[in-house]
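**Q** Shown below is the structure under consideration.
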Amino acid sequence: MRISETDDDNWFDDAAGRLIRPYTVSNGRTEPSIRMELLSMVIATGRRPHGHLGPDHSQALDLCSGVTTVAEIAARLRLPAVVAKILLSDLAGWGAVDTRAPDPMADNSNPAVLETIIYALKQRL
Amino acid sequence: MPSNNGSDGFPSALKLLIAGGFGVGKTTFVGSVSEIEPLRTEELLTTASVGTDRLTGVEQKSTTTVAMDFGRITISRDHVLYLFGTPGQERFWFMWDELSGGAMGAVVLADTRRLADCFPAVDFFESRGIRFLVAVNEFDSGIRYELDDLRSALDLKPDIPIVHCDARDQRSATGVLISLMHHLLASQAPR
Ligand SMILES: Nc1nc2c(ncn2[C@@H]2O[C@H](COP(=O)(O)OP(=O)(O)O)[C@@H](O)[C@H]2O)c(=O)[nH]1
Ligand SMILES: [Mg+2]
């Protein structure tokens, strides 16, 4: 695959679209090993995987010291979401982070939750 | 079945979408209400994108990226709101599909100078059964219309709220979210 760096922000390849230092980070993989979504929650378990963590995995793990989301980690790593998902799914596989996918039946319509949100938003006015 | 009340140590993330045409103030809105500096996440495009953005009437804006800005509001120990500004261009609608899954509701921002730019977002949420309201972002050079006139111009169903807002103002933008929550409380979930 030829990568052309034609402009600072957007690397385009006619066949592949936007390209991609990130493919190096993810070792060319395009699928995370476990299901992850932008709003999947992650937190470090405190268990450091055996052996040497590469810089990208290590940076991702450092960002998981408190509960956070895949989206936030991707943004802070400045990596496309799919690449962050791959790094985090590796870390989950090694037992270094716990993760939970968002509940598809989330509390979206629960009146008690909506009231709580309204209350919290009013505090911010 | 994962617990949804934080009893496993994880809070629930609740997703809101901030949609509307290019330059209507989505990123500004997210930045106004968020407790963190807005963050930006990118999805990879699988096909090369073509086409240009319409820039008519859009001030101080020279670039756009295939990215979603998002912000966060912590509601309680158990619930965190995430607000995603959807990419405005229709050619990125495949990302809307992914983003809208599990969304709690949406704000469609409208600019009275380019009202038609919000039609695609209105159509999208109507067709997906995602509940939303329309917030008319007031730009200085725009004419201030009566909300009823805007409602008919937008051909909005009578039960869809329409409100004024200034996306730059934290109180105003937060007030829009409160209106949305009242709308969600008042209307039956479509599923
Ligand atoms: N006068 C005025 N300008 C605004 C308002 N909201 C956003 N803007 C400006 O409009 C431009 C586009 O806003 P932006 O949030 O980037 O739009 P987006 O493309 O929808 O994310 C920016 O220069 C903003 O500062 C508003 O309520 N009033
Ligand atoms: Mg924007």
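Ordered as shown in the structure tokens, chains take letters A, B, and onward, while each chain numbers its residues from 1 and ligands are numbered from 1 in the order shown.
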List the spatial neighbours of Ile34 of chain A as a CSV table (one decimal) with C-alpha atoms, in the first residue's frame - criterion: any atom at most 10 Å away, only C-alpha atoms, same-chain residues fewer than 3 positions off excluded.
**A**
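Below is the file that was written, part-v1.csv:
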chain,number,residue,atom,x,y,z
A,31,GLU,CA,-10.9,-5.0,14.1
A,37,GLU,CA,-18.1,1.2,21.3
A,85,LYS,CA,-10.5,0.2,20.3
A,86,ILE,CA,-7.8,-2.2,19.1
A,88,LEU,CA,-7.9,-1.2,24.5
A,89,SER,CA,-9.1,-4.6,23.4
A,90,ASP,CA,-5.5,-5.8,23.6
A,92,ALA,CA,-8.5,-6.0,28.1
A,93,GLY,CA,-7.3,-9.4,26.7
A,99,THR,CA,-14.4,-2.8,30.1
A,101,ALA,CA,-20.0,-2.0,26.6
**Q** Considering only C-alpha atoms and all ligand atoms, give me a table of residues in chain B that are at most 9 Å from ligand 1, with the closest atom pair and distance in Å for each, as a Markdown table.
**A**
| residue | atom | partner | partner_atom_place_in_ligand_line | distance |
| --- | --- | --- | --- | --- |
| B:Ile18 | CA | ligand 1 | 20 (O) | 8.7 |
| B:Ala19 | CA | ligand 1 | 20 (O) | 7.6 |
| B:Gly20 | CA | ligand 1 | 20 (O) | 6.5 |
| B:Gly21 | CA | ligand 1 | 20 (O) | 6.2 |
| B:Phe22 | CA | ligand 1 | 19 (O) | 4.3 |
| B:Gly23 | CA | ligand 1 | 19 (O) | 3.3 |
| B:Val24 | CA | ligand 1 | 20 (O) | 4.0 |
| B:Gly25 | CA | ligand 1 | 15 (O) | 3.2 |
| B:Lys26 | CA | ligand 1 | 20 (O) | 3.6 |
| B:Thr27 | CA | ligand 1 | 21 (O) | 3.7 |
| B:Thr28 | CA | ligand 1 | 15 (O) | 3.6 |
| B:Phe29 | CA | ligand 1 | 15 (O) | 6.3 |
| B:Val30 | CA | ligand 1 | 15 (O) | 8.0 |
| B:Gly31 | CA | ligand 1 | 15 (O) | 8.3 |
| B:Val58 | CA | ligand 1 | 11 (C) | 6.6 |
| B:Glu59 | CA | ligand 1 | 23 (O) | 5.8 |
| B:Gln60 | CA | ligand 1 | 23 (O) | 5.1 |
| B:Lys61 | CA | ligand 1 | 23 (O) | 6.2 |
| B:Thr64 | CA | ligand 1 | 19 (O) | 7.7 |
| B:Asp69 | CA | ligand 1 | 21 (O) | 8.0 |
| B:Gly85 | CA | ligand 1 | 21 (O) | 6.9 |
| B:Thr86 | CA | ligand 1 | 21 (O) | 8.4 |
| B:Pro87 | CA | ligand 1 | 19 (O) | 7.9 |
| B:Gly88 | CA | ligand 1 | 19 (O) | 6.7 |
| B:Leu109 | CA | ligand 1 | 20 (O) | 8.0 |
| B:Asp111 | CA | ligand 1 | 27 (O) | 8.9 |
| B:Val136 | CA | ligand 1 | 27 (O) | 8.7 |
| B:Asn137 | CA | ligand 1 | 27 (O) | 5.0 |
| B:Glu138 | CA | ligand 1 | 27 (O) | 4.9 |
| B:Phe139 | CA | ligand 1 | 1 (N) | 3.8 |
| B:Asp140 | CA | ligand 1 | 1 (N) | 4.8 |
| B:Ser141 | CA | ligand 1 | 1 (N) | 7.5 |
| B:Gly142 | CA | ligand 1 | 1 (N) | 8.7 |
| B:Cys165 | CA | ligand 1 | 27 (O) | 6.8 |
| B:Asp166 | CA | ligand 1 | 27 (O) | 3.9 |
| B:Ala167 | CA | ligand 1 | 27 (O) | 4.3 |
| B:Arg168 | CA | ligand 1 | 27 (O) | 5.2 |
| B:Asp169 | CA | ligand 1 | 27 (O) | 7.6 |
**Q** Enumerate as a VMD selection string the residues belonging to chain A that approach chain B to within 6 Å, with only C-alpha atoms taken into account.
**A** chain A and resid 17 to 18 75 80 to 81 104 108 117 to 118 120 125
**Q** Report the distance between atom CA of Gly95 of chain A and atom CA of Gly46 of chain A in Å, rounded to one decimal place.
**A** 9.0 Å
**Q** Just give me the gap between atom CA of Gln123 of chain A and atom CA of Ser65 of chain A in Å, one decimal is fine.
**A**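 Between atom CA of Gln123 of chain A and atom CA of Ser65 of chain A the gap works out to 27.9 Å.
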**Q** Using only C-alpha atoms, determine which residues lie at most 7 Å from Ala96 of chain A, disregarding the query and same-chain residues fewer than 3 positions distant; provide the list as a PyMOL selection string.
**A** chain A and resi 44-49+91-92
**Q** Take the residues from that selection and write them out as a PDB file, in the first residue's frame, keeping N, CA, C and O atoms.
**A**
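And here is the file that came out, out.pdb:
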ATOM      1  N   ALA A  44      -8.405   0.820  34.319  1.00  0.00           N
ATOM      2  CA  ALA A  44      -7.259  -0.058  34.555  1.00  0.00           C
ATOM      3  C   ALA A  44      -7.543  -0.959  35.754  1.00  0.00           C
ATOM      4  O   ALA A  44      -8.167  -0.539  36.720  1.00  0.00           O
ATOM      5  N   THR A  45      -7.100  -2.207  35.664  1.00  0.00           N
ATOM      6  CA  THR A  45      -7.297  -3.142  36.777  1.00  0.00           C
ATOM      7  C   THR A  45      -6.176  -3.031  37.796  1.00  0.00           C
ATOM      8  O   THR A  45      -6.296  -3.520  38.911  1.00  0.00           O
ATOM      9  N   GLY A  46      -5.085  -2.407  37.399  1.00  0.00           N
ATOM     10  CA  GLY A  46      -3.916  -2.370  38.259  1.00  0.00           C
ATOM     11  C   GLY A  46      -2.932  -3.490  37.933  1.00  0.00           C
ATOM     12  O   GLY A  46      -1.803  -3.475  38.410  1.00  0.00           O
ATOM     13  N   ARG A  47      -3.395  -4.454  37.145  1.00  0.00           N
ATOM     14  CA  ARG A  47      -2.480  -5.532  36.728  1.00  0.00           C
ATOM     15  C   ARG A  47      -1.717  -5.069  35.494  1.00  0.00           C
ATOM     16  O   ARG A  47      -2.314  -4.734  34.477  1.00  0.00           O
ATOM     17  N   ARG A  48      -0.453  -5.038  35.607  1.00  0.00           N
ATOM     18  CA  ARG A  48       0.415  -4.684  34.485  1.00  0.00           C
ATOM     19  C   ARG A  48       0.670  -5.960  33.684  1.00  0.00           C
ATOM     20  O   ARG A  48       1.028  -6.982  34.266  1.00  0.00           O
ATOM     21  N   PRO A  49       0.458  -5.941  32.381  1.00  0.00           N
ATOM     22  CA  PRO A  49       0.721  -7.166  31.625  1.00  0.00           C
ATOM     23  C   PRO A  49       2.199  -7.556  31.693  1.00  0.00           C
ATOM     24  O   PRO A  49       3.064  -6.698  31.855  1.00  0.00           O
ATOM     25  N   LEU A  91      -5.435  -4.579  25.640  1.00  0.00           N
ATOM     26  CA  LEU A  91      -5.210  -4.412  27.083  1.00  0.00           C
ATOM     27  C   LEU A  91      -6.229  -5.215  27.896  1.00  0.00           C
ATOM     28  O   LEU A  91      -5.884  -5.801  28.927  1.00  0.00           O
ATOM     29  N   ALA A  92      -7.466  -5.240  27.411  1.00  0.00           N
ATOM     30  CA  ALA A  92      -8.497  -6.029  28.102  1.00  0.00           C
ATOM     31  C   ALA A  92      -8.139  -7.514  28.044  1.00  0.00           C
ATOM     32  O   ALA A  92      -8.264  -8.238  29.036  1.00  0.00           O
TER      33      ALA A  92
END
**Q** Please identify which residues in segment 23-91 of chain A DSSP calls helix (DSSP H, G or I) from the backbone, and express them as an MDAnalysis selection string.
**A** chainID A and resid 23:25 55:62 70:77 81:91
